[in-house]
file target-v5.txt (compact mmCIF, C-alpha atoms)
# COMPACT_ATOMS: atom_id res chain seq x y z
CA MET A 1 53.90 -4.91 194.29
CA THR A 2 57.31 -6.31 195.09
CA ASN A 3 60.68 -4.74 194.57
CA ILE A 4 62.99 -6.52 192.15
CA LEU A 5 66.53 -5.72 193.18
CA LEU A 6 68.95 -5.25 190.33
CA SER A 7 71.10 -8.02 191.76
CA ASP A 8 68.12 -10.34 191.27
CA ILE A 9 67.72 -9.17 187.68
CA THR A 10 71.37 -10.08 187.10
CA LYS A 11 70.82 -13.58 188.47
CA LYS A 12 67.85 -14.13 186.16
CA GLU A 13 69.34 -12.68 183.01
CA LYS A 14 72.66 -13.02 181.26
CA ILE A 15 73.71 -9.98 179.28
CA THR A 16 73.64 -10.60 175.53
CA VAL A 17 75.53 -8.12 173.41
CA CYS A 18 74.45 -8.68 169.80
CA GLN A 19 76.32 -5.68 168.40
CA GLU A 20 79.25 -3.74 169.79
CA GLY A 21 79.13 -0.19 168.51
CA SER A 22 80.13 3.09 170.12
CA VAL A 23 79.99 1.60 173.63
CA GLY A 24 81.86 -1.50 174.75
CA LYS A 25 80.10 -4.50 176.24
CA ASP A 26 80.91 -3.23 179.74
CA GLY A 27 79.59 0.23 179.03
CA GLU A 28 82.97 1.75 178.30
CA PHE A 29 83.02 4.67 175.88
CA ASP A 30 85.25 7.55 174.86
CA GLY A 31 83.66 10.78 176.01
CA HIS A 32 81.63 12.35 178.80
CA LYS A 33 78.12 11.67 177.47
CA VAL A 34 76.21 8.52 176.58
CA ALA A 35 72.60 7.52 175.84
CA MET A 36 70.60 4.42 176.74
CA PHE A 37 67.64 3.66 174.48
CA SER A 38 64.92 1.14 175.37
CA THR A 39 62.87 -0.38 172.54
CA TYR A 40 60.37 -3.11 171.78
CA MET A 41 59.39 -3.58 168.14
CA GLY A 42 56.81 -6.34 168.29
CA ASN A 43 56.19 -6.59 164.55
CA GLY A 44 59.79 -7.63 163.92
CA LYS A 45 60.45 -4.60 161.70
CA MET A 46 62.81 -1.69 162.28
CA SER A 47 60.87 1.45 163.16
CA PRO A 48 62.03 4.37 160.97
CA SER A 49 61.73 6.68 163.98
CA VAL A 50 63.96 4.47 166.13
CA TYR A 51 66.51 4.17 163.33
CA LYS A 52 66.60 7.90 162.69
CA GLN A 53 66.91 8.79 166.38
CA ILE A 54 69.90 6.45 166.68
CA LYS A 55 71.43 8.08 163.59
CA GLU A 56 70.89 11.53 165.15
CA LEU A 57 72.73 10.38 168.25
CA GLU A 58 75.58 9.28 165.98
CA ILE A 59 75.63 12.60 164.09
CA ASN A 60 75.85 14.45 167.39
CA ARG A 61 78.47 12.04 168.78
CA TRP A 62 76.40 10.53 171.57
CA PRO A 63 77.51 6.93 172.16
CA VAL A 64 74.37 4.82 172.60
CA VAL A 65 73.38 1.53 174.22
CA VAL A 66 70.15 0.09 172.80
CA ILE A 67 68.29 -2.29 175.10
CA ASP A 68 66.16 -4.36 172.73
CA THR A 69 63.32 -6.55 174.05
CA SER A 70 61.81 -7.36 170.64
CA PRO A 71 60.91 -10.97 169.74
CA GLU A 72 63.84 -13.36 169.44
CA SER A 73 63.18 -13.83 165.74
CA SER A 74 63.75 -10.14 164.98
CA ASP A 75 66.87 -9.42 162.95
CA PHE A 76 67.29 -5.66 162.73
CA ASP A 77 69.82 -3.77 160.64
CA TRP A 78 71.07 -1.45 163.37
CA PRO A 79 73.33 1.51 162.63
CA GLU A 80 76.92 0.48 163.36
CA TRP A 81 77.10 3.26 165.97
CA ALA A 82 74.65 1.44 168.25
CA THR A 83 75.77 -1.00 170.91
CA VAL A 84 72.80 -3.38 171.15
CA ILE A 85 72.02 -5.65 174.08
CA ARG A 86 69.03 -7.99 174.25
CA ARG A 87 66.91 -9.00 177.20
CA PRO A 88 63.45 -10.53 177.71
CA ASN A 89 60.49 -8.13 177.48
CA ASP A 90 60.06 -7.88 181.27
CA ASN A 91 59.01 -4.78 183.24
CA GLN A 92 58.95 -2.61 180.12
CA ASP A 93 61.32 0.35 179.73
CA TRP A 94 62.12 0.68 183.41
CA GLY A 95 63.39 -2.86 183.59
CA SER A 96 65.55 -2.25 180.51
CA TRP A 97 67.05 1.01 181.78
CA ALA A 98 67.76 -0.56 185.17
CA TYR A 99 69.31 -3.58 183.45
CA ALA A 100 71.69 -1.37 181.47
CA ILE A 101 72.67 0.72 184.49
CA HIS A 102 73.37 -2.37 186.55
CA ASN A 103 75.12 -4.51 183.95
CA MET A 104 77.17 -1.82 182.20
CA PRO A 105 79.03 -0.04 185.03
CA GLY A 106 80.81 2.27 182.59
CA LEU A 107 77.51 4.12 182.14
CA LEU A 108 77.77 5.35 185.72
CA ARG A 109 80.98 7.19 184.87
CA ALA A 110 79.25 9.41 182.33
CA LYS A 111 79.03 13.11 183.07
CA THR A 112 75.69 13.03 181.22
CA LEU A 113 73.52 9.92 180.84
CA LEU A 114 70.56 10.34 178.47
CA GLN A 115 67.53 8.06 178.98
CA MET A 116 65.27 7.45 175.95
CA ASN A 117 62.68 5.01 174.66
CA ASP A 118 60.76 4.37 171.46
CA SER A 119 57.60 6.23 172.47
CA MET A 120 58.55 9.25 170.34
CA VAL A 121 57.94 9.61 166.58
CA GLY A 122 60.45 11.55 164.51
CA PRO A 123 62.62 13.52 164.47
CA PHE A 124 60.91 15.81 161.96
CA TYR A 125 64.07 17.96 161.86
CA PRO A 126 67.62 17.59 163.27
CA MET A 127 67.98 16.82 166.98
CA GLY A 128 71.30 18.63 167.55
CA GLY A 129 69.82 21.64 169.30
CA LEU A 130 67.73 19.52 171.65
CA LEU A 131 70.61 17.17 172.47
CA ARG A 132 72.84 20.11 173.38
CA LEU A 133 70.21 21.29 175.85
CA MET A 134 70.00 17.83 177.40
CA ASP A 135 73.75 17.96 178.10
CA SER A 136 73.32 20.61 180.78
CA ASP A 137 75.93 22.25 182.98
CA ASP A 138 73.43 24.03 185.23
CA ALA A 139 71.00 21.23 186.17
CA ASP A 140 71.28 17.68 187.48
CA TYR A 141 68.10 16.03 186.20
CA VAL A 142 66.83 17.43 182.89
CA GLY A 143 63.67 16.46 181.01
CA LEU A 144 62.24 17.16 177.62
CA THR A 145 58.99 18.30 179.27
CA ASP A 146 57.31 18.43 182.64
CA ASN A 147 53.81 17.32 183.58
CA PRO A 148 51.59 18.72 186.37
CA GLU A 149 49.25 15.71 186.40
CA ILE A 150 48.80 14.01 189.79
CA ASP A 151 52.07 15.47 191.10
CA TRP A 152 54.54 17.62 189.17
CA HIS A 153 57.26 15.56 187.48
CA LEU A 154 59.45 15.26 184.41
CA SER A 155 58.27 12.95 181.64
CA ALA A 156 60.83 10.17 182.00
CA MET A 157 60.95 8.79 178.45
CA PHE A 158 63.44 11.53 177.50
CA VAL A 159 65.53 12.72 180.46
CA SER A 160 69.20 13.16 181.25
CA TYR A 161 71.27 12.83 184.39
CA CYS A 162 73.85 15.61 184.16
CA ASN A 163 77.01 16.60 186.06
CA ASN A 164 77.69 13.01 187.15
CA SER A 165 74.39 12.98 189.04
CA ILE A 166 73.63 9.36 188.05
CA LYS A 167 76.17 8.43 190.76
CA ASN A 168 74.26 10.39 193.40
CA PRO A 169 73.04 8.08 196.20
CA VAL A 170 69.40 9.13 195.72
CA PHE A 171 69.45 7.91 192.12
CA ARG A 172 71.41 4.77 192.96
CA LEU A 173 68.87 3.89 195.65
CA PHE A 174 66.00 4.52 193.22
CA TRP A 175 67.44 2.29 190.50
CA ASN A 176 68.10 -0.48 193.00
CA GLY A 177 64.42 -0.57 193.94
CA ILE A 178 62.62 -0.79 190.60
CA LYS A 179 59.18 -2.34 191.15
CA SER A 180 57.67 -5.07 189.02
CA VAL A 181 54.55 -3.59 187.42
CA GLU A 182 52.44 -4.37 184.38
CA THR A 183 50.82 -1.18 183.07
CA ARG A 184 51.96 2.25 181.96
CA SER A 185 49.87 3.98 184.65
CA GLU A 186 51.58 1.89 187.33
CA HIS A 187 54.96 2.96 185.98
CA VAL A 188 53.89 6.60 186.27
CA PHE A 189 52.91 6.14 189.93
CA LYS A 190 55.74 3.80 190.93
CA HIS A 191 58.63 5.18 188.87
CA GLU A 192 58.13 8.35 186.84
CA ILE A 193 56.70 10.58 189.58
CA PRO A 194 58.96 9.19 192.36
CA LEU A 195 62.06 9.72 190.21
CA SER A 196 61.44 13.48 190.12
CA LYS A 197 60.61 13.46 193.82
CA VAL A 198 63.83 11.75 194.86
CA ALA A 199 65.83 14.24 192.79
CA ILE A 200 64.08 17.23 194.36
CA ASN A 201 64.26 15.80 197.88
CA GLY A 202 67.93 15.09 197.29
CA ASN A 203 68.54 18.79 196.62
CA LEU A 204 69.34 18.18 192.98
CA LYS A 205 68.37 20.78 190.40
CA VAL A 206 65.50 19.50 188.24
CA LYS A 207 64.73 21.29 184.98
CA PRO A 208 62.45 20.73 181.98
CA ILE A 209 63.60 22.01 178.59
CA PHE A 210 60.00 22.82 177.66
CA THR A 211 57.27 23.27 180.28
CA TYR A 212 53.56 22.63 180.08
CA LEU A 213 53.19 26.42 180.39
CA ASP A 214 55.04 26.81 177.07
CA VAL A 215 52.27 24.90 175.31
CA ASP A 216 49.40 26.04 177.56
CA VAL A 217 48.34 22.43 178.20
CA ASP A 218 48.09 20.97 181.70
CA TYR A 219 46.99 17.46 180.71
CA ALA A 220 49.42 15.23 178.80
CA PRO A 221 51.33 18.23 177.38
CA LEU A 222 53.56 16.03 175.21
CA THR A 223 50.49 14.53 173.58
CA PHE A 224 48.22 17.53 173.23
CA GLY A 225 50.89 20.22 172.91
CA ALA A 226 52.71 18.56 170.00
CA LYS A 227 52.25 21.33 167.42
CA LYS A 228 53.59 24.03 169.73
CA LEU A 229 56.48 21.85 170.89
CA LEU A 230 57.52 21.28 167.28
CA GLU A 231 57.48 25.04 166.73
CA ILE A 232 59.65 25.88 169.75
CA GLY A 233 62.41 23.32 169.27
CA CYS A 234 61.25 19.77 170.00
CA PRO A 235 61.61 17.72 166.77
CA LEU A 236 59.73 14.71 168.18
CA ILE A 237 56.07 13.99 168.86
CA LYS A 238 54.60 11.44 171.22
CA ARG A 239 53.37 8.19 169.72
CA ARG A 240 50.13 8.75 171.63
CA THR A 241 49.57 11.91 169.59
CA VAL A 242 49.63 9.72 166.48
CA GLN A 243 47.32 7.15 168.06
CA TRP A 244 44.83 9.54 169.61
CA LEU A 245 44.96 12.41 167.09
CA PRO A 246 46.03 10.79 163.81
CA ASP A 247 44.66 13.49 161.50
CA LYS A 248 46.34 16.21 163.54
CA ALA A 249 49.63 14.29 163.65
CA ILE A 250 49.69 13.96 159.86
CA GLU A 251 48.77 17.64 159.53
CA TYR A 252 51.71 18.62 161.76
CA ALA A 253 54.08 16.26 159.93
CA LYS A 254 53.21 17.73 156.52
CA LEU A 255 54.80 20.99 157.65
CA TYR A 256 58.16 19.20 157.84
CA GLY A 257 58.18 17.10 154.68
CA GLN A 258 57.37 13.65 153.35
CA GLU A 259 59.82 11.80 155.61
CA ALA A 260 58.00 13.17 158.66
CA VAL A 261 54.66 12.10 157.17
CA ASP A 262 56.02 8.60 156.47
CA MET A 263 57.21 8.22 160.08
CA VAL A 264 53.77 9.20 161.38
CA LYS A 265 52.01 6.81 158.99
CA TYR A 266 54.34 3.98 160.01
CA ALA A 267 53.60 4.62 163.70
CA LEU A 268 49.89 4.61 162.96
CA ASP A 269 50.04 1.39 160.93
CA GLU A 270 52.19 -0.19 163.63
CA LYS A 271 49.43 0.44 166.16
CA LEU A 272 46.67 -0.83 163.87
CA THR A 273 48.38 -4.09 162.90
call {"tool": "encode", "arguments": {"input": "target-v5.txt", "output": "structure tokens"}}
result
Amino acid sequence: MTNILLSDITKKEKITVCQEGSVGKDGEFDGHKVAMFSTYMGNGKMSPSVYKQIKELEINRWPVVVIDTSPESSDFDWPEWATVIRRPNDNQDWGSWAYAIHNMPGLLRAKTLLQMNDSMVGPFYPMGGLLRLMDSDDADYVGLTDNPEIDWHLSAMFVSYCNNSIKNPVFRLFWNGIKSVETRSEHVFKHEIPLSKVAINGNLKVKPIFTYLDVDVDYAPLTFGAKKLLEIGCPLIKRRTVQWLPDKAIEYAKLYGQEAVDMVKYALDEKLT
């Protein structure tokens, strides 16, 4: 595997801002917190989960940059709150997050930078409580959950860099060395696990909001601990829960109303089509 330096990404790609919302085209925003949201909607249709998560960020006054790698023909009706930039679908979420960090320098001035992608279905209920926990004063690298598989780490599809830690040299070095990989498992080995390691080795405080011990699951806790996570304050479930345990996912969603059920059914249909 070769390293793709962010400077090389910049040479290959020209930033395309297709909607200026709560964040300016250079990543400027009014406030101390901001989110970056990576998405690929290959069917050309707006995912109800993605739309609702963006709306929840708006309700809770989190400016958001959406990095969209969907097909060129897609024409989504984004909430006005979202600043949307487009790039080719290259190197999956990690390439998109790195692209935003490198091309929108204002993001690096955030006290709290929230990193999200479209791998979560929901929310089944409001996200305000969870978002407040992600804006931490007592930790530097905060995750929705942790995972003991292979080597302990935070699950990186929903993490935040708090207390200006995104400017820490260990994170800057990490984001300037994103590797070009093809599969999700490679991203886990090359990016997700090392990201937690560099934070710990850099003497930064790393904290999960919910631990695998909370759900008594030590393999893919986000996937197989979904019911318990919903009960203790996480309004989102992993898309893999829907794909691998569809009957269970619908059963869990029914506890939270028809809109939750519809989001699960959409995620299931999206996988099948």
call {"tool": "closest_residue", "arguments": {"input": "target-v5.txt", "among": "A:Ser38, A:Ser74, A:Gln243, A:Gln19", "to": "Gln115 in chain A", "atoms": "all atoms listed in the file"}}
result
A:Ser38
call {"tool": "closest_residue", "arguments": {"input": "target-v5.txt", "among": "A:Met41, A:Val50, A:Val170, A:Ile150", "to": "Asn201 in chain A", "atoms": "all atoms listed in the file"}}
result
A:Val170
call {"tool": "atom_distance", "arguments": {"input": "target-v5.txt", "atom1": "CA of Lys254 in chain A", "atom2": "CA of Lys227 in chain A"}}
result
11.5 Å
call {"tool": "atom_distance", "arguments": {"input": "target-v5.txt", "atom1": "CA of Ala267 in chain A", "atom2": "CA of Asn43 in chain A"}}
result
11.5 Å
call {"tool": "residues_around", "arguments": {"input": "target-v5.txt", "residues": "Asn163 in chain A", "least_positions_apart": "4", "cutoff": "12 Å", "atoms": "all atoms listed in the file", "output": "PyMOL selection string"}}
result
chain A and resi 32-33+108-114+134-142+167-168+204-205
call {"tool": "residues_around", "arguments": {"input": "target-v5.txt", "residues": "Glu72 in chain A", "least_positions_apart": "2", "cutoff": "9 Å", "atoms": "only C-alpha atoms", "output": "JSON, numbers by chain"}}
result
{"A": [44, 69, 70, 74, 75, 86, 88]}
call {"tool": "atom_distance", "arguments": {"input": "target-v5.txt", "atom1": "CA of Thr39 in chain A", "atom2": "CA of Asp214 in chain A"}}
result
28.7 Å
call {"tool": "residues_near_point", "arguments": {"input": "target-v5.txt", "point": "(59.9, 12.9, 154.4)", "cutoff": "12 Å", "atoms": "only C-alpha atoms", "output": "PyMOL selection string"}}
result
chain A and resi 48-49+52+122-125+250+253-266
call {"tool": "residues_around", "arguments": {"input": "target-v5.txt", "residues": "Phe224 in chain A", "least_positions_apart": "3", "cutoff": "10 Å", "atoms": "only C-alpha atoms", "output": "CSV table (one decimal) with C-alpha atoms, keeping the file's coordinate frame"}}
result
chain,number,residue,atom,x,y,z
A,215,VAL,CA,52.3,24.9,175.3
A,216,ASP,CA,49.4,26.0,177.6
A,217,VAL,CA,48.3,22.4,178.2
A,218,ASP,CA,48.1,21.0,181.7
A,219,TYR,CA,47.0,17.5,180.7
A,220,ALA,CA,49.4,15.2,178.8
A,221,PRO,CA,51.3,18.2,177.4
A,227,LYS,CA,52.2,21.3,167.4
A,228,LYS,CA,53.6,24.0,169.7
A,229,LEU,CA,56.5,21.8,170.9
A,237,ILE,CA,56.1,14.0,168.9
A,238,LYS,CA,54.6,11.4,171.2
A,240,ARG,CA,50.1,8.8,171.6
A,241,THR,CA,49.6,11.9,169.6
A,244,TRP,CA,44.8,9.5,169.6
A,245,LEU,CA,45.0,12.4,167.1
A,248,LYS,CA,46.3,16.2,163.5
call {"tool": "closest_residue", "arguments": {"input": "target-v5.txt", "among": "A:Pro169, A:Gly106, A:Pro194, A:Pro235", "to": "Trp152 in chain A", "atoms": "only C-alpha atoms"}}
result
A:Pro194
call {"tool": "closest_residue", "arguments": {"input": "target-v5.txt", "among": "A:Met120, A:Leu195, A:Asn60, A:Val206", "to": "Cys234 in chain A", "atoms": "all atoms listed in the file"}}
result
A:Met120
